[in-house]
Each structure stands twice: as C-alpha cells, then as structure tokens.
$ cat my_file18.tsv   # TSV, C-alpha atoms and all ligand atoms
chain	number	residue	atom	x	y	z
A	1	MET	CA	64.40	32.15	-95.35
A	2	LYS	CA	60.98	31.18	-96.60
A	3	THR	CA	59.07	34.13	-98.02
A	4	LYS	CA	56.01	33.41	-95.86
A	5	LEU	CA	58.09	33.64	-92.70
A	6	TYR	CA	59.80	36.81	-93.96
A	7	LEU	CA	56.39	38.43	-94.57
A	8	THR	CA	55.18	37.38	-91.11
A	9	GLN	CA	58.27	38.93	-89.55
A	10	ILE	CA	57.64	42.19	-91.41
A	11	LEU	CA	54.18	42.37	-89.90
A	12	GLU	CA	55.60	41.67	-86.44
A	13	ARG	CA	58.11	44.47	-86.88
A	14	LYS	CA	55.92	47.17	-88.41
A	15	GLN	CA	52.30	47.85	-89.18
A	16	ALA	CA	52.48	47.21	-92.91
A	17	GLY	CA	54.80	46.13	-95.70
A	18	PHE	CA	55.58	47.81	-99.00
A	19	PHE	CA	55.48	45.88	-102.28
A	20	ILE	CA	56.49	47.29	-105.65
A	21	LEU	CA	54.91	45.62	-108.66
A	22	ILE	CA	57.10	45.38	-111.72
A	23	ASP	CA	55.34	44.60	-114.98
A	24	PRO	CA	57.82	43.33	-117.60
A	25	ASP	CA	55.73	44.94	-120.34
A	26	LYS	CA	56.12	48.38	-118.75
A	27	THR	CA	59.65	48.21	-117.35
A	28	PRO	CA	62.16	47.18	-120.02
A	29	ILE	CA	64.91	44.91	-118.72
A	30	GLU	CA	67.49	47.62	-119.57
A	31	ILE	CA	66.15	49.94	-116.84
A	32	LEU	CA	65.15	47.23	-114.38
A	33	SER	CA	68.21	47.51	-112.15
A	34	ASN	CA	67.72	51.29	-111.73
A	35	ARG	CA	64.09	50.79	-110.79
A	36	VAL	CA	64.95	48.07	-108.31
A	37	GLU	CA	67.72	50.12	-106.70
A	38	ALA	CA	65.35	53.08	-106.29
A	39	GLY	CA	62.82	50.76	-104.64
A	40	ILE	CA	65.43	49.42	-102.23
A	41	ARG	CA	66.55	52.95	-101.32
A	42	ALA	CA	62.91	53.74	-100.53
A	43	GLY	CA	62.63	50.70	-98.25
A	44	VAL	CA	60.58	48.26	-100.33
A	45	ASP	CA	59.99	44.94	-98.55
A	46	ALA	CA	59.42	42.72	-101.60
A	47	PHE	CA	59.05	42.92	-105.36
A	48	LEU	CA	56.06	41.50	-107.19
A	49	VAL	CA	56.54	40.64	-110.85
A	50	GLY	CA	53.87	39.90	-113.46
A	51	GLY	CA	51.19	41.46	-115.61
A	52	SER	CA	47.82	40.97	-117.27
A	53	LEU	CA	49.50	40.50	-120.64
A	54	LEU	CA	53.03	39.35	-121.18
A	55	HIS	CA	54.15	40.20	-124.67
A	56	THR	CA	57.72	41.22	-124.02
A	57	ALA	CA	60.73	39.62	-122.44
A	58	ASP	CA	61.80	36.14	-121.68
A	59	PHE	CA	60.04	35.86	-118.31
A	60	ASP	CA	62.61	33.52	-116.77
A	61	ASN	CA	65.47	35.79	-117.76
A	62	TYR	CA	63.57	38.85	-116.56
A	63	VAL	CA	62.89	37.34	-113.14
A	64	GLN	CA	66.52	36.29	-112.86
A	65	GLU	CA	67.67	39.84	-113.57
A	66	LEU	CA	65.22	41.17	-110.99
A	67	LYS	CA	66.41	38.65	-108.42
A	68	GLN	CA	70.07	39.52	-109.06
A	69	ASN	CA	69.35	43.15	-108.21
A	70	SER	CA	66.87	42.79	-105.37
A	71	LEU	CA	69.50	42.02	-102.67
A	72	ASP	CA	67.71	40.27	-99.80
A	73	ARG	CA	64.21	41.40	-100.84
A	74	PRO	CA	62.11	38.48	-102.06
A	75	VAL	CA	60.87	38.37	-105.63
A	76	ILE	CA	57.30	37.11	-105.70
A	77	ILE	CA	55.52	36.24	-108.92
A	78	PHE	CA	52.11	37.84	-109.28
A	79	PRO	CA	50.96	35.83	-112.29
A	80	GLY	CA	48.60	37.16	-114.91
A	81	ASP	CA	48.48	33.71	-116.44
A	82	VAL	CA	49.92	30.22	-116.29
A	83	ASN	CA	52.84	31.23	-118.53
A	84	GLN	CA	54.17	33.47	-115.75
A	85	VAL	CA	55.87	30.82	-113.65
A	86	SER	CA	59.62	30.84	-113.08
A	87	GLY	CA	61.94	28.94	-110.78
A	88	LYS	CA	64.12	32.05	-110.50
A	89	ALA	CA	61.65	33.71	-108.11
A	90	ASP	CA	61.44	33.15	-104.36
A	91	ALA	CA	57.70	32.50	-104.31
A	92	ILE	CA	54.49	32.83	-106.27
A	93	LEU	CA	51.13	34.23	-105.24
A	94	PHE	CA	48.99	31.17	-105.90
A	95	LEU	CA	45.89	33.14	-106.78
A	96	SER	CA	42.27	32.24	-107.17
A	97	LEU	CA	40.08	34.99	-108.57
A	98	LEU	CA	37.43	34.49	-105.93
A	99	SER	CA	35.41	37.61	-106.75
A	100	GLY	CA	34.64	36.20	-110.20
A	101	ARG	CA	32.62	33.28	-111.44
A	102	ASN	CA	34.95	32.23	-114.21
A	103	PRO	CA	36.03	28.62	-113.48
A	104	GLN	CA	39.23	29.05	-115.46
A	105	HIS	CA	40.46	31.67	-112.99
A	106	LEU	CA	38.96	30.00	-109.93
A	107	ILE	CA	40.65	26.61	-110.46
A	108	GLY	CA	41.48	25.86	-114.13
A	109	SER	CA	44.78	27.76	-114.40
A	110	GLN	CA	45.85	26.59	-110.95
A	111	VAL	CA	45.55	22.94	-112.02
A	112	MET	CA	47.71	23.66	-115.06
A	113	ALA	CA	50.32	25.49	-113.00
A	114	ALA	CA	50.53	23.21	-109.95
A	115	PRO	CA	52.76	20.45	-111.43
A	116	ILE	CA	55.09	23.07	-112.90
A	117	ILE	CA	55.35	24.81	-109.53
A	118	ARG	CA	56.13	21.49	-107.84
A	119	ARG	CA	58.84	20.69	-110.37
A	120	LEU	CA	60.41	24.13	-109.81
A	121	GLN	CA	60.11	23.79	-106.02
A	122	LEU	CA	58.59	27.28	-105.93
A	123	GLU	CA	57.11	28.43	-102.64
A	124	THR	CA	53.38	29.15	-102.91
A	125	LEU	CA	51.48	31.85	-101.05
A	126	SER	CA	47.82	30.91	-101.38
A	127	THR	CA	45.93	34.09	-102.07
A	128	ALA	CA	42.28	34.91	-102.62
A	129	TYR	CA	42.23	37.56	-105.31
A	130	LEU	CA	39.29	39.95	-105.04
A	131	LEU	CA	38.80	42.48	-107.81
A	132	VAL	CA	37.05	45.65	-106.70
A	133	GLU	CA	35.27	48.07	-109.02
A	134	SER	CA	37.43	51.15	-109.47
A	135	GLY	CA	35.82	53.58	-111.91
A	136	ARG	CA	36.83	52.64	-115.43
A	137	PRO	CA	37.14	48.96	-116.47
A	138	THR	CA	40.65	47.63	-115.76
A	139	SER	CA	42.82	45.17	-117.68
A	140	ALA	CA	42.39	42.56	-114.91
A	141	GLU	CA	38.63	42.81	-115.22
A	142	PHE	CA	38.61	42.68	-119.01
A	143	ILE	CA	41.19	39.94	-119.43
A	144	SER	CA	39.70	37.72	-116.71
A	145	GLY	CA	36.18	38.15	-118.09
A	146	THR	CA	34.82	38.68	-114.57
A	147	ARG	CA	32.86	41.41	-112.87
A	148	PRO	CA	34.52	43.18	-109.96
A	149	LEU	CA	32.89	43.52	-106.55
A	150	PRO	CA	30.74	46.68	-106.47
A	151	ARG	CA	32.77	49.26	-104.53
A	152	HIS	CA	29.84	50.46	-102.40
A	153	LYS	CA	28.53	46.98	-101.51
A	154	ILE	CA	30.75	46.49	-98.50
A	155	ASP	CA	28.73	43.53	-97.21
A	156	ILE	CA	29.35	41.57	-100.42
A	157	ALA	CA	33.08	42.23	-100.17
A	158	VAL	CA	33.12	41.18	-96.51
A	159	ALA	CA	31.29	37.95	-97.36
A	160	HIS	CA	33.90	37.14	-100.02
A	161	ALA	CA	36.75	37.85	-97.61
A	162	LEU	CA	35.21	35.63	-94.93
A	163	ALA	CA	34.69	32.84	-97.48
A	164	ALA	CA	38.37	33.18	-98.43
A	165	GLN	CA	39.44	32.80	-94.82
A	166	TYR	CA	37.14	29.82	-94.20
A	167	LEU	CA	38.46	28.15	-97.37
A	168	GLY	CA	41.94	28.37	-95.88
A	169	PHE	CA	43.59	31.05	-98.00
A	170	GLU	CA	46.67	32.59	-96.37
A	171	TYR	CA	46.31	36.07	-97.85
A	172	ILE	CA	43.59	38.20	-99.41
A	173	TYR	CA	44.52	40.55	-102.23
A	174	LEU	CA	42.06	43.43	-102.57
A	175	GLU	CA	42.73	44.67	-106.07
A	176	ALA	CA	41.38	47.78	-107.75
A	177	GLY	CA	43.37	46.86	-110.89
A	178	SER	CA	46.63	48.19	-112.18
A	179	GLY	CA	46.30	51.85	-113.15
A	180	ALA	CA	42.87	52.05	-111.52
A	181	GLU	CA	41.16	55.41	-111.41
A	182	LEU	CA	40.09	54.84	-107.79
A	183	PRO	CA	41.88	52.66	-105.21
A	184	VAL	CA	40.06	50.15	-103.00
A	185	PRO	CA	37.80	52.16	-100.67
A	186	VAL	CA	39.07	52.70	-97.13
A	187	GLU	CA	35.66	51.69	-95.72
A	188	MET	CA	35.90	48.31	-97.45
A	189	ILE	CA	39.37	47.62	-96.02
A	190	LEU	CA	38.17	48.64	-92.57
A	191	ALA	CA	35.10	46.38	-92.69
A	192	ILE	CA	37.10	43.39	-93.94
A	193	SER	CA	39.99	43.82	-91.51
A	194	ARG	CA	37.51	43.83	-88.63
A	195	VAL	CA	36.30	40.31	-89.41
A	196	VAL	CA	39.25	38.61	-91.06
A	197	ASP	CA	42.55	37.59	-89.43
A	198	ILE	CA	44.66	36.81	-92.49
A	199	PRO	CA	46.84	39.57	-94.00
A	200	LEU	CA	45.29	41.91	-96.55
A	201	ILE	CA	47.31	42.90	-99.58
A	202	VAL	CA	45.85	46.07	-101.10
A	203	GLY	CA	46.76	47.50	-104.48
A	204	GLY	CA	45.65	49.22	-107.65
A	205	GLY	CA	45.42	52.96	-108.21
A	206	ILE	CA	47.32	54.03	-105.08
A	207	LYS	CA	49.00	57.23	-106.23
A	208	SER	CA	50.20	59.00	-103.10
A	209	ALA	CA	51.74	58.42	-99.69
A	210	ASP	CA	48.52	59.66	-98.09
A	211	GLU	CA	46.40	57.11	-99.95
A	212	ALA	CA	48.77	54.37	-98.80
A	213	ALA	CA	48.76	55.61	-95.19
A	214	GLU	CA	44.95	55.76	-95.04
A	215	ARG	CA	44.72	52.16	-96.21
A	216	ILE	CA	47.28	50.99	-93.68
A	217	ALA	CA	45.35	52.76	-90.92
A	218	ALA	CA	42.22	50.91	-92.11
A	219	GLY	CA	43.93	47.52	-91.77
A	220	ALA	CA	45.90	46.82	-94.95
A	221	SER	CA	48.92	44.61	-94.21
A	222	PHE	CA	50.75	45.12	-97.50
A	223	ILE	CA	50.41	47.94	-100.01
A	224	VAL	CA	51.25	47.38	-103.67
A	225	THR	CA	52.16	50.19	-106.04
A	226	GLY	CA	53.16	49.84	-109.66
A	227	ASN	CA	52.01	52.39	-112.21
A	228	VAL	CA	52.66	55.49	-110.17
A	229	LEU	CA	56.33	54.57	-109.93
A	230	GLU	CA	56.57	54.30	-113.70
A	231	GLN	CA	55.09	57.79	-114.04
A	232	GLN	CA	56.88	59.41	-111.09
A	233	THR	CA	60.47	58.44	-111.69
A	234	ASP	CA	61.56	61.15	-109.25
A	235	ASP	CA	63.42	59.46	-106.37
A	236	GLN	CA	61.94	61.93	-103.88
A	237	PHE	CA	58.42	60.66	-104.52
A	238	LEU	CA	59.46	57.08	-103.89
A	239	LEU	CA	61.38	58.01	-100.74
A	240	HIS	CA	58.34	59.92	-99.47
A	241	LEU	CA	56.13	56.89	-100.16
A	242	GLY	CA	58.61	54.56	-98.47
A	243	ARG	CA	58.55	56.63	-95.26
A	244	VAL	CA	54.90	55.63	-94.74
A	245	PHE	CA	56.09	52.10	-93.98
A	246	LEU	CA	58.82	52.85	-91.44
B	1	LIG	C1	48.08	45.94	-109.61
B	1	LIG	O1	47.86	46.30	-107.32
B	1	LIG	C2	48.76	46.41	-108.38
B	1	LIG	O2	47.85	44.60	-109.54
B	1	LIG	C3	49.35	47.77	-108.55
B	1	LIG	O3	48.47	48.68	-109.15
B	1	LIG	O4	49.86	49.73	-110.91
B	1	LIG	O5	47.79	50.86	-110.08
B	1	LIG	O6	49.81	50.73	-108.65
B	1	LIG	P1	49.01	50.07	-109.73
$ encode --input "my_file18.tsv" --output "structure tokens"
Amino acid sequence: MKTKLYLTQILERKQAGFFILIDPDKTPIEILSNRVEAGIRAGVDAFLVGGSLLHTADFDNYVQELKQNSLDRPVIIFPGDVNQVSGKADAILFLSLLSGRNPQHLIGSQVMAAPIIRRLQLETLSTAYLLVESGRPTSAEFISGTRPLPRHKIDIAVAHALAAQYLGFEYIYLEAGSGAELPVPVEMILAISRVVDIPLIVGGGIKSADEAAERIAAGASFIVTGNVLEQQTDDQFLLHLGRVFL
C-alpha cells in the first residue's frame, strides 16, 4: 500500500498517529532491531529515519536493516540533506524549509534530489517544514542557517501554514528541533489546525505522554518523538506513550 494512503487510513481510524524518529548517528545499527521492536510493541505507526548530520553508517544499509525489522510499518526518510535518499525506504518526506529564507533549503536541495528520487521510484510526501523557536538553538536551526518562527508570534506561524496549504503541500511539519528544550506551543498548533486542512506533523522536544496528548488535543495529526526514546530505554515509558495514540 502507498504510504500516503496508509497515513490517511490511520487518521480515519484514530485521532492521531505515532512516529518514532531514528537518527543513524544516535542509534547504532547493532541495537536498531531492539529499538524497532520496542516501538512496534508500543504501537508506532511509522518510522522516520534521518538526521541533521550523517557521519556514521552506510545509509542504504541502515534503512534496509530498519525496513527488515519494521514489519508492516512504513519507513519514511526524513532527510537532513540530499545524501539521505535511499530506495530501501517506503517513502520520503519531500521537505521545503518554508520558515526559512535560505534558497538552498527552499528549493536547491530538492532539485538535486528529485532525479535520484525518480530513479529510485521512491514515494514522495510533499511537506512544508516549519522550524519553531524552542529555547536553545537547535541543530536544525544551526545547520540550515535559518531563523525559526518566533514561538509567541502565532499569527506569523499561521500565515506560513496557510501559505504552505495554498502552495499545495500535503503535510505541514511543525518542528521544534530534535532535542528541543521546549516543544511546539499548544496554542500555535491550535491556531494552525483551525485554519488549515492538511495534516500537521508535530515533533521536537516532546518528552512525555502528556505533552503528546495535549498536542493531539490541539490538532496535531502525527506526533514524532526521537531523543526521549534514546534516553528512556525503559519499555514501560514507551508503552505509556503509545497508549496516547490508541
Ligand atoms: C526531530 O521532531 C523530531 O526532527 C523529534 O524530536 O528528538 O526531540 O523527539 P526529538
């Protein structure tokens, strides 16, 4: 089944979906299968794979290993750069960093990646990527050389989300940044979900089941967690988090 259809069906079945982000630099391939199995036990709906830097692992091999362990859950590339493209995945978030004004991340990298994606016959999920200020500077902010949306300027965030929808993006990713001190504010998600019809992916700095639940109640369609799962390897925590999505 196409990943887009699978994601649509998740949203028809329940209020929100649960994505686990796996960063190859933080999860060595030797422990990948354990991490994936724990995610599946907790009810994850899809795995995202990628990172701001990629200095370890053969990406293709890593994605293949992830795919072999993910059962029927799709593996979706969440690329930090054009070198993070692999035909072993089910789909790729085809991102444009719409909150920034860096042409390389708005369209430059996409032009480089597009012919490769076509050759690999990889499904694309066109996604407007909006970075939101989250306390301390994040890797995504630093590496992309862009300024995040101010977290208290809700109207600016809403205008970006509307522009994303009018430009024809299929998803909006509201991103506080991996390991963010503060997740995307609930008020921002609420304001955006009121005016936008396309699904909202929300991630960065979500460290508890309550924080995830509040964001779903505000209108998030998919919640992404990464770092907290690397710190809290206790299965109970993951199971507790997974129950939010039932
Ligand atoms: C980052 O939204 C993801 O792109 C996940 O963030 O690692 O902080 O959970 P965390």
$ residues_near_ligand --input "my_file18.tsv" --ligand "ligand LIG 1 (chain B)" --cutoff "10 Å" --atoms "all atoms listed in the file" --output "count of residues only"
46
$ atom_distance --input "my_file18.tsv" --atom1 "atom CA of Val132 of chain A" --atom2 "atom CA of Pro185 of chain A"
8.9 Å
$ closest_atom_pairs --input "my_file18.tsv" --of "segment 4-106 of chain A" --to "segment 148-161 of chain A" --cutoff "12 Å" --atoms "only C-alpha atoms" --output "Markdown table"
| residue | atom | partner | partner_atom | distance |
| --- | --- | --- | --- | --- |
| A:Leu97 | CA | A:Pro148 | CA | 10.0 |
| A:Leu98 | CA | A:His160 | CA | 7.4 |
| A:Ser99 | CA | A:Leu149 | CA | 6.4 |
| A:Gly100 | CA | A:Pro148 | CA | 7.0 |
| A:Arg101 | CA | A:Pro148 | CA | 10.2 |
| A:Asn102 | CA | A:Pro148 | CA | 11.8 |
$ write_last_selection --input "my_file18.tsv" --atoms "C-alpha atoms" --output "PDB file, in the coordinates of the input"
ATOM      1  CA  LEU A  97      40.080  34.990-108.570  1.00  0.00           C
ATOM      2  CA  LEU A  98      37.430  34.490-105.930  1.00  0.00           C
ATOM      3  CA  SER A  99      35.410  37.610-106.750  1.00  0.00           C
ATOM      4  CA  GLY A 100      34.640  36.200-110.200  1.00  0.00           C
ATOM      5  CA  ARG A 101      32.620  33.280-111.440  1.00  0.00           C
ATOM      6  CA  ASN A 102      34.950  32.230-114.210  1.00  0.00           C
TER       7      ASN A 102
END
$ atom_distance --input "my_file18.tsv" --atom1 "atom CA of Asp234 of chain A" --atom2 "atom CA of Ile76 of chain A"
24.7 Å
$ residues_around --input "my_file18.tsv" --residues "segment 58-71 of chain A" --least-positions-apart "4" --cutoff "8 Å" --atoms "all atoms listed in the file" --output "ChimeraX atom specification"
/A:24,29,32-33,36-37,40,47,49,75,84-89
$ residues_around --input "my_file18.tsv" --residues "Val195 of chain A" --least-positions-apart "3" --cutoff "8 Å" --atoms "only C-alpha atoms" --output "number ranges by chain"
A: 158, 162, 191-192
$ closest_residue --input "my_file18.tsv" --among "A:Val196, A:Ala46, A:Val244, A:Ala209" --to "Tyr6 of chain A" --atoms "all atoms listed in the file"
A:Ala46
$ atom_distance --input "my_file18.tsv" --atom1 "atom CA of Val186 of chain A" --atom2 "atom CA of Gln15 of chain A"
16.2 Å
$ closest_residue --input "my_file18.tsv" --among "A:Ser221, A:Gly145, A:Gln231, A:Tyr171" --to "Leu95 of chain A" --atoms "all atoms listed in the file"
A:Tyr171
